[in-house]
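Participant: Next comes run11.txt, compact mmCIF, C-alpha atoms:
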# COMPACT_ATOMS: atom_id res chain seq x y z
CA MET A 5 39.86 -6.71 -1.87
CA THR A 6 41.96 -5.23 0.94
CA ILE A 7 40.09 -4.38 4.13
CA ASP A 8 41.71 -2.37 6.91
CA PHE A 9 40.50 -3.91 10.17
CA THR A 10 43.07 -1.96 12.23
CA LYS A 11 41.16 1.36 12.29
CA SER A 12 38.84 0.19 15.05
CA THR A 13 40.00 -1.18 18.38
CA ASP A 14 37.77 -4.25 18.08
CA GLY A 15 39.00 -5.21 14.62
CA LEU A 16 35.55 -4.86 13.06
CA VAL A 17 34.35 -2.91 10.06
CA PRO A 18 30.77 -1.79 9.38
CA ALA A 19 28.96 -3.71 6.65
CA ILE A 20 26.03 -1.97 4.97
CA VAL A 21 23.63 -4.54 3.49
CA GLN A 22 21.66 -3.57 0.37
CA ASP A 23 19.12 -5.50 -1.68
CA ALA A 24 20.71 -6.16 -5.08
CA ALA A 25 17.42 -5.76 -6.95
CA THR A 26 15.62 -2.90 -5.17
CA LYS A 27 18.74 -1.06 -3.90
CA THR A 28 17.01 -0.69 -0.51
CA VAL A 29 19.38 -0.59 2.48
CA LEU A 30 18.33 -3.50 4.68
CA MET A 31 20.58 -3.40 7.71
CA LEU A 32 23.98 -2.58 9.18
CA GLY A 33 26.21 -5.21 10.73
CA TYR A 34 29.88 -5.64 11.58
CA MET A 35 32.45 -8.02 10.13
CA ASN A 36 35.92 -9.19 10.96
CA GLN A 37 38.14 -11.09 8.54
CA GLU A 38 36.67 -14.43 9.62
CA ALA A 39 33.12 -13.18 8.90
CA VAL A 40 34.18 -11.91 5.47
CA ASP A 41 35.83 -15.26 4.67
CA LYS A 42 32.82 -17.28 5.79
CA THR A 43 30.47 -15.02 3.81
CA ASN A 44 32.54 -15.54 0.67
CA GLN A 45 32.75 -19.30 1.23
CA THR A 46 29.09 -19.99 2.05
CA LYS A 47 27.53 -17.14 0.01
CA LYS A 48 25.36 -16.41 3.08
CA VAL A 49 26.12 -13.13 4.84
CA THR A 50 27.83 -13.70 8.17
CA PHE A 51 28.62 -11.02 10.74
CA TYR A 52 30.56 -10.83 13.93
CA SER A 53 27.94 -10.41 16.65
CA ARG A 54 29.16 -7.99 19.30
CA SER A 55 26.44 -9.12 21.72
CA LYS A 56 27.09 -12.85 21.25
CA ASN A 57 30.86 -12.51 20.83
CA ARG A 58 30.88 -14.93 17.92
CA LEU A 59 30.23 -15.29 14.22
CA TRP A 60 26.55 -15.05 13.35
CA THR A 61 25.05 -15.97 9.99
CA LYS A 62 21.94 -13.89 9.33
CA GLY A 63 19.04 -16.33 9.14
CA GLU A 64 20.69 -19.15 11.09
CA GLU A 65 17.64 -19.28 13.37
CA SER A 66 14.87 -17.61 11.33
CA GLY A 67 15.76 -18.99 7.90
CA ASN A 68 15.75 -15.41 6.57
CA PHE A 69 19.19 -15.64 4.98
CA LEU A 70 20.95 -12.90 3.06
CA ASN A 71 22.32 -14.57 -0.06
CA LEU A 72 25.50 -12.84 -1.17
CA VAL A 73 25.59 -11.17 -4.58
CA ASP A 74 28.63 -8.91 -4.18
CA MET A 75 30.86 -7.32 -1.58
CA LYS A 76 32.83 -4.08 -2.03
CA VAL A 77 35.15 -2.14 0.21
CA ASP A 78 34.96 1.67 0.32
CA CYS A 79 37.67 4.16 -0.69
CA ASP A 80 39.21 4.16 2.81
CA ASN A 81 39.21 0.33 3.00
CA ASP A 82 37.32 0.43 6.31
CA SER A 83 33.67 -0.25 5.48
CA LEU A 84 31.82 -2.69 3.27
CA LEU A 85 28.84 -2.55 0.94
CA VAL A 86 27.28 -6.02 0.77
CA THR A 87 24.63 -6.56 -1.91
CA VAL A 88 22.29 -9.47 -1.34
CA ASN A 89 19.18 -11.34 -2.35
CA PRO A 90 17.24 -11.49 0.93
CA VAL A 91 15.09 -14.48 1.87
CA GLY A 92 12.19 -13.03 3.84
CA PRO A 93 12.29 -9.99 6.12
CA THR A 94 15.72 -8.84 7.24
CA CYS A 95 15.01 -7.34 10.65
CA HIS A 96 14.56 -9.58 13.70
CA THR A 97 11.32 -7.66 14.38
CA GLY A 98 9.84 -9.06 11.17
CA THR A 99 10.09 -5.92 9.02
CA ASP A 100 11.76 -5.82 5.61
CA THR A 101 14.50 -3.51 6.88
CA CYS A 102 15.91 -2.46 10.22
CA TRP A 103 14.45 1.00 9.55
CA LYS A 104 10.90 -0.39 9.24
CA GLU A 105 10.74 0.44 5.52
CA GLU A 106 9.18 -1.76 2.88
CA ASN A 107 11.69 -3.37 0.55
CA THR A 108 10.03 -2.48 -2.73
CA SER A 109 11.37 -1.47 -6.12
CA SER A 110 11.47 2.24 -6.82
CA TYR A 111 11.98 3.85 -10.19
CA GLY A 112 12.66 7.34 -8.89
CA PHE A 113 10.50 9.98 -10.54
CA LEU A 114 8.46 7.34 -12.39
CA THR A 115 7.37 5.85 -9.07
CA ALA A 116 6.37 9.33 -7.84
CA LEU A 117 4.43 9.84 -11.09
CA GLU A 118 2.71 6.48 -10.61
CA ASP A 119 1.62 7.60 -7.14
CA ILE A 120 0.04 10.73 -8.63
CA ILE A 121 -1.73 8.64 -11.28
CA THR A 122 -3.02 6.32 -8.53
CA ASP A 123 -4.43 9.30 -6.67
CA ARG A 124 -6.20 10.55 -9.82
CA LYS A 125 -7.60 7.10 -10.50
CA GLU A 126 -8.93 6.82 -6.95
CA ASN A 127 -10.39 10.37 -7.14
CA PRO A 128 -11.86 10.57 -10.65
CA GLU A 129 -14.23 13.38 -9.66
CA ASN A 130 -11.32 15.86 -9.72
CA LYS A 131 -12.50 18.20 -12.51
CA ASP A 132 -9.10 19.91 -12.84
CA SER A 133 -7.16 16.70 -13.51
CA TYR A 134 -6.46 15.52 -17.04
CA VAL A 135 -5.69 12.01 -15.75
CA ALA A 136 -8.94 11.84 -13.77
CA SER A 137 -10.83 12.95 -16.89
CA LEU A 138 -9.30 10.05 -18.84
CA TYR A 139 -10.35 7.58 -16.15
CA ARG A 140 -13.88 9.01 -16.23
CA LYS A 141 -14.02 8.37 -19.98
CA GLY A 142 -13.06 4.72 -19.52
CA ILE A 143 -10.51 2.18 -20.72
CA ASN A 144 -11.26 2.66 -24.41
CA LYS A 145 -10.29 6.34 -24.26
CA VAL A 146 -7.14 5.60 -22.28
CA ALA A 147 -6.10 2.87 -24.75
CA GLN A 148 -6.87 5.17 -27.69
CA LYS A 149 -4.56 7.85 -26.24
CA VAL A 150 -1.72 5.33 -25.96
CA GLY A 151 -2.25 4.39 -29.62
CA GLU A 152 -2.24 8.04 -30.70
CA GLU A 153 0.94 8.78 -28.77
CA ALA A 154 2.64 5.67 -30.16
CA VAL A 155 1.92 6.81 -33.72
CA GLU A 156 3.32 10.27 -32.90
CA VAL A 157 6.51 8.70 -31.53
CA VAL A 158 6.95 6.71 -34.76
CA ILE A 159 6.43 9.85 -36.86
CA GLU A 160 8.94 11.86 -34.84
CA ALA A 161 11.44 8.99 -34.90
CA LYS A 162 11.59 9.33 -38.69
CA ASP A 163 12.34 13.07 -38.48
CA SER A 164 15.45 14.76 -37.15
CA ASP A 165 13.90 16.90 -34.39
CA ASP A 166 15.24 15.24 -31.24
CA HIS A 167 13.31 17.63 -29.00
CA LEU A 168 9.95 16.63 -30.50
CA PHE A 169 10.90 12.95 -30.40
CA LYS A 170 11.63 13.19 -26.64
CA GLU A 171 8.42 15.14 -26.02
CA GLU A 172 6.28 12.56 -27.82
CA SER A 173 8.16 9.73 -26.08
CA ALA A 174 7.34 11.31 -22.72
CA ASP A 175 3.67 11.57 -23.75
CA LEU A 176 3.66 7.89 -24.72
CA LEU A 177 5.24 6.76 -21.45
CA PHE A 178 2.89 8.95 -19.42
CA HIS A 179 -0.23 7.58 -21.11
CA TYR A 180 1.12 4.03 -20.89
CA LEU A 181 1.47 4.40 -17.11
CA ILE A 182 -2.16 5.55 -17.02
CA LEU A 183 -3.22 2.54 -19.11
CA LEU A 184 -1.30 0.14 -16.87
CA GLN A 185 -3.24 1.32 -13.83
CA ALA A 186 -6.51 1.26 -15.75
CA LYS A 187 -5.81 -2.46 -16.21
CA GLY A 188 -4.82 -2.88 -12.54
CA PHE A 189 -1.04 -3.02 -13.03
CA LYS A 190 2.02 -0.90 -12.35
CA LEU A 191 5.44 -0.51 -13.90
CA ASN A 192 6.96 -3.11 -11.57
CA ASP A 193 4.63 -5.77 -13.02
CA ILE A 194 6.10 -5.15 -16.47
CA VAL A 195 9.65 -5.06 -15.11
CA THR A 196 8.99 -8.50 -13.60
CA VAL A 197 7.92 -9.83 -17.00
CA LEU A 198 11.11 -8.43 -18.59
CA LYS A 199 13.28 -9.94 -15.83
CA ASN A 200 11.64 -13.33 -16.35
CA ARG A 201 12.42 -13.12 -20.06
CA HIS A 202 16.07 -12.17 -19.43
Please go through the file and, once you have read it, give me the structure as structure tokens.
Facilitator:
Amino acid sequence: MTIDFTKSTDGLVPAIVQDAATKTVLMLGYMNQEAVDKTNQTKKVTFYSRSKNRLWTKGEESGNFLNLVDMKVDCDNDSLLVTVNPVGPTCHTGTDTCWKEENTSSYGFLTALEDIITDRKENPENKDSYVASLYRKGINKVAQKVGEEAVEVVIEAKDSDDHLFKEESADLLFHYLILLQAKGFKLNDIVTVLKNRH
């Protein structure tokens, strides 16, 4: 990895720190060659502190270390992407990130869909909502719908209509997300189980 430290007058390059698991951006720091070397040697992210005028390992006082997973240089060789496994909150203020965001897993559209399902579960009186109507009918009805959709996926898997197979697969996943919340869980709980098995 070749890093061009000559583009800035202070010999530092920006280092964007990202959680390896959640992909959340945690903080921005600056590194010189010595900080990069120490990070690679110790596997704990070390920056050059412009305010302290010295190397600074994140967590050296708080214990909230950033354990190195990977480090990449960008296409211009003048900035770094550092992926880490954080120990505790990253920001000195006690928040998960320096932008006061929670460092949680997100599954894109599926997370947005889960939020809608949560709203319907918490507001089951909504007469216009199919999801709310399922929650009003109880866990047995929700579980039954998952079983029905699973059978339909199996049937379509044996045929050659890819469009119908995808449609039924979407129905199964949708109803499974509803069932998960009916049982008090979310997709991330299942992802955790899969990670533990890996």
Participant: In Å to one decimal, how far is atom CA of Phe113 of chain A from atom CA of Leu84 of chain A?
Facilitator: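 Atom-to-atom, atom CA of Leu84 of chain A to atom CA of Phe113 of chain A, that is 28.4 Å.
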Participant: Axis-aligned box over every listed atom of segment 42-48 of chain A, padded by 6 Å per side: centre and edges in Å to one decimal, as JSON?
Facilitator:
{"center_x": 29.1, "center_y": -17.5, "center_z": 2.9, "size_x": 19.5, "size_y": 17.0, "size_z": 17.8}
Participant: Could you tell me which of A:Lys141, A:Lys149, A:His202, A:Lys76 comes closest to Thr6 of chain A if we count only C-alpha atoms?
Facilitator: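 Distance minimum relative to Thr6 of chain A lands on A:Lys76.
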Participant: For segment 146-148 of chain A, find every residue with an atom within 10 Å (counting all atoms listed in the file), except residues of its own chain fewer than 2 positions away, and show them as a list in words.
Facilitator: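 So the residues in contact are Val135, Ser137, Leu138, Tyr139, Arg140, Lys141, Gly142, Ile143, Asn144, Val150, Gly151, Glu152, Glu153, Ala154, His179, Tyr180, Ile182, Leu183, Leu184 and Ala186 of chain A.
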Participant: Could you check which of A:Lys62, A:Lys56, A:Lys125, A:Lys190 is closest to Lys42 of chain A, using all atoms listed in the file?
Facilitator: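 Once distances to Lys42 of chain A are computed over all atoms listed in the file, the minimum belongs to A:Lys62.
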Participant: Between A:Asp80, A:Ile7, A:Ser164, A:Phe69, which residue has the minimum interatomic distance to Pro93 of chain A, considering only C-alpha atoms?
Facilitator: A:Phe69
Participant: Using Å and a single decimal, report how far atom CA of Asn71 of chain A sits from atom CA of Pro90 of chain A.
Facilitator: 6.0 Å
Participant: For atom CA of Asn57 of chain A and atom CA of Val86 of chain A, quote the distance in Å rounded to one decimal.
Facilitator: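 Computed distance, atom CA of Asn57 of chain A to atom CA of Val86 of chain A, equals 21.4 Å.
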Participant: Write out as a PyMOL selection string the residues lying within 8 Å of segment 58-60 of chain A, counting only C-alpha atoms and excluding same-chain residues fewer than 6 positions away.
Facilitator: chain A and resi 38-39+50-52
Participant: Write the residues you've just listed into a file as an mmCIF file, in the frame of the given file, and include C-alpha atoms for each of them.
Facilitator:
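Contents of the output file again-v3.cif:
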data_model
loop_
_atom_site.group_PDB
_atom_site.id
_atom_site.type_symbol
_atom_site.label_atom_id
_atom_site.label_comp_id
_atom_site.auth_asym_id
_atom_site.auth_seq_id
_atom_site.Cartn_x
_atom_site.Cartn_y
_atom_site.Cartn_z
ATOM 1 C CA GLU A 38 36.670 -14.430 9.620
ATOM 2 C CA ALA A 39 33.120 -13.180 8.900
ATOM 3 C CA THR A 50 27.830 -13.700 8.170
ATOM 4 C CA PHE A 51 28.620 -11.020 10.740
ATOM 5 C CA TYR A 52 30.560 -10.830 13.930
#
Participant: Quick one: of A:Lys104, A:Lys48, A:Arg54, A:Arg124, who's nearest to Thr87 of chain A, counting only C-alpha atoms?
Facilitator: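 Once distances to Thr87 of chain A are computed over only C-alpha atoms, the minimum belongs to A:Lys48.
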Participant: Ranking A:Leu30, A:Ala136, A:Leu198, A:Val77 by minimum distance to Cys102 of chain A and counting only C-alpha atoms, which one comes first?
Facilitator: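 Smallest distance to Cys102 of chain A is found for A:Leu30.
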Participant: Under the rule that only C-alpha atoms are counted, which of A:Glu156, A:Asp74, A:Asp100, A:Glu129 is the nearest residue to Glu171 of chain A?
Facilitator: A:Glu156
Participant: Neighbours of Gly15 of chain A within 12 Å (only C-alpha atoms; same-chain residues fewer than 2 positions away dropped), as a list in words?
Facilitator: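 After dropping sequence-adjacent residues, the list is Ile7, Asp8, Phe9, Thr10, Lys11, Ser12, Thr13, Val17, Pro18, Tyr34, Met35, Asn36, Gln37, Glu38, Ala39, Tyr52, Arg54, Asp82 and Ser83 of chain A.
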Participant: Taking the block above, write segment 105-135 of chain A with N, CA, C and O atoms as a CSV table (one decimal), in the first residue's frame.
Facilitator:
chain,number,residue,atom,x,y,z
A,105,GLU,N,-24.6,9.4,15.9
A,105,GLU,CA,-25.4,8.3,15.4
A,105,GLU,C,-25.2,7.0,16.2
A,105,GLU,O,-24.1,6.8,16.7
A,106,GLU,N,-26.3,6.2,16.2
A,106,GLU,CA,-26.1,4.9,16.8
A,106,GLU,C,-25.4,4.0,15.8
A,106,GLU,O,-25.6,4.0,14.6
A,107,ASN,N,-24.5,3.2,16.3
A,107,ASN,CA,-23.8,2.2,15.5
A,107,ASN,C,-24.5,0.9,15.5
A,107,ASN,O,-24.2,0.0,16.2
A,108,THR,N,-25.6,0.8,14.6
A,108,THR,CA,-26.4,-0.4,14.6
A,108,THR,C,-26.4,-0.9,13.1
A,108,THR,O,-26.1,-0.2,12.2
A,109,SER,N,-26.6,-2.2,13.0
A,109,SER,CA,-26.7,-2.8,11.7
A,109,SER,C,-27.9,-2.3,11.0
A,109,SER,O,-29.0,-2.1,11.5
A,110,SER,N,-27.7,-2.1,9.7
A,110,SER,CA,-28.8,-1.7,8.8
A,110,SER,C,-28.8,-2.6,7.6
A,110,SER,O,-27.7,-3.0,7.0
A,111,TYR,N,-30.0,-3.1,7.2
A,111,TYR,CA,-30.1,-3.9,6.0
A,111,TYR,C,-30.9,-3.2,4.9
A,111,TYR,O,-31.7,-3.8,4.2
A,112,GLY,N,-30.6,-1.9,4.8
A,112,GLY,CA,-31.2,-1.1,3.7
A,112,GLY,C,-32.7,-1.1,3.7
A,112,GLY,O,-33.3,-0.8,4.8
A,113,PHE,N,-33.3,-1.5,2.6
A,113,PHE,CA,-34.7,-1.5,2.5
A,113,PHE,C,-35.4,-2.4,3.5
A,113,PHE,O,-36.5,-2.1,4.0
A,114,LEU,N,-34.8,-3.5,3.9
A,114,LEU,CA,-35.4,-4.5,4.8
A,114,LEU,C,-35.5,-3.8,6.2
A,114,LEU,O,-36.5,-4.0,6.9
A,115,THR,N,-34.5,-3.0,6.6
A,115,THR,CA,-34.6,-2.3,7.8
A,115,THR,C,-35.8,-1.2,7.8
A,115,THR,O,-36.5,-1.1,8.8
A,116,ALA,N,-35.9,-0.6,6.7
A,116,ALA,CA,-37.0,0.4,6.5
A,116,ALA,C,-38.4,-0.4,6.6
A,116,ALA,O,-39.3,0.1,7.2
A,117,LEU,N,-38.4,-1.5,6.0
A,117,LEU,CA,-39.6,-2.4,6.0
A,117,LEU,C,-39.9,-2.8,7.5
A,117,LEU,O,-41.1,-2.8,7.9
A,118,GLU,N,-38.9,-3.2,8.2
A,118,GLU,CA,-39.1,-3.6,9.6
A,118,GLU,C,-39.6,-2.4,10.4
A,118,GLU,O,-40.5,-2.6,11.3
A,119,ASP,N,-39.2,-1.2,10.1
A,119,ASP,CA,-39.7,0.0,10.8
A,119,ASP,C,-41.2,0.1,10.6
A,119,ASP,O,-42.0,0.5,11.5
A,120,ILE,N,-41.6,-0.1,9.3
A,120,ILE,CA,-43.1,0.0,9.0
A,120,ILE,C,-43.8,-1.1,9.8
A,120,ILE,O,-44.9,-0.8,10.3
A,121,ILE,N,-43.3,-2.3,9.8
A,121,ILE,CA,-44.0,-3.4,10.5
A,121,ILE,C,-44.1,-3.1,12.0
A,121,ILE,O,-45.1,-3.3,12.6
A,122,THR,N,-43.0,-2.5,12.5
A,122,THR,CA,-43.1,-2.1,13.9
A,122,THR,C,-44.2,-1.1,14.2
A,122,THR,O,-44.9,-1.2,15.2
A,123,ASP,N,-44.3,-0.1,13.3
A,123,ASP,CA,-45.4,0.8,13.5
A,123,ASP,C,-46.8,0.2,13.4
A,123,ASP,O,-47.6,0.5,14.2
A,124,ARG,N,-46.9,-0.8,12.5
A,124,ARG,CA,-48.2,-1.5,12.4
A,124,ARG,C,-48.5,-2.3,13.6
A,124,ARG,O,-49.6,-2.4,14.1
A,125,LYS,N,-47.5,-2.9,14.2
A,125,LYS,CA,-47.6,-3.7,15.4
A,125,LYS,C,-48.0,-2.9,16.6
A,125,LYS,O,-48.9,-3.3,17.4
A,126,GLU,N,-47.4,-1.7,16.6
A,126,GLU,CA,-47.7,-0.8,17.8
A,126,GLU,C,-49.0,0.0,17.6
A,126,GLU,O,-49.5,0.5,18.5
A,127,ASN,N,-49.6,-0.1,16.4
A,127,ASN,CA,-50.8,0.6,16.1
A,127,ASN,C,-51.8,-0.4,15.4
A,127,ASN,O,-52.2,-0.1,14.3
A,128,PRO,N,-52.2,-1.4,16.1
A,128,PRO,CA,-53.0,-2.5,15.4
A,128,PRO,C,-54.4,-2.0,15.1
A,128,PRO,O,-55.1,-2.8,14.4
A,129,GLU,N,-54.8,-0.9,15.6
A,129,GLU,CA,-56.2,-0.4,15.3
A,129,GLU,C,-56.3,0.1,13.9
A,129,GLU,O,-57.4,0.4,13.4
A,130,ASN,N,-55.2,0.3,13.2
A,130,ASN,CA,-55.2,0.8,11.8
A,130,ASN,C,-56.0,-0.1,10.9
A,130,ASN,O,-55.5,-1.2,10.5
A,131,LYS,N,-57.2,0.2,10.5
A,131,LYS,CA,-58.1,-0.6,9.8
A,131,LYS,C,-57.7,-0.8,8.3
A,131,LYS,O,-58.1,-1.8,7.7
A,132,ASP,N,-56.9,0.1,7.8
A,132,ASP,CA,-56.4,0.0,6.4
A,132,ASP,C,-55.2,-0.8,6.2
A,132,ASP,O,-54.7,-0.9,5.1
A,133,SER,N,-54.6,-1.2,7.3
A,133,SER,CA,-53.3,-1.9,7.2
A,133,SER,C,-53.4,-3.4,7.3
A,133,SER,O,-54.0,-4.0,8.2
A,134,TYR,N,-52.9,-4.1,6.3
A,134,TYR,CA,-52.9,-5.6,6.2
A,134,TYR,C,-52.1,-6.1,7.4
A,134,TYR,O,-52.5,-7.1,8.1
A,135,VAL,N,-50.9,-5.5,7.6
A,135,VAL,CA,-50.1,-6.0,8.7
A,135,VAL,C,-50.7,-5.9,10.1
A,135,VAL,O,-50.7,-6.8,10.9
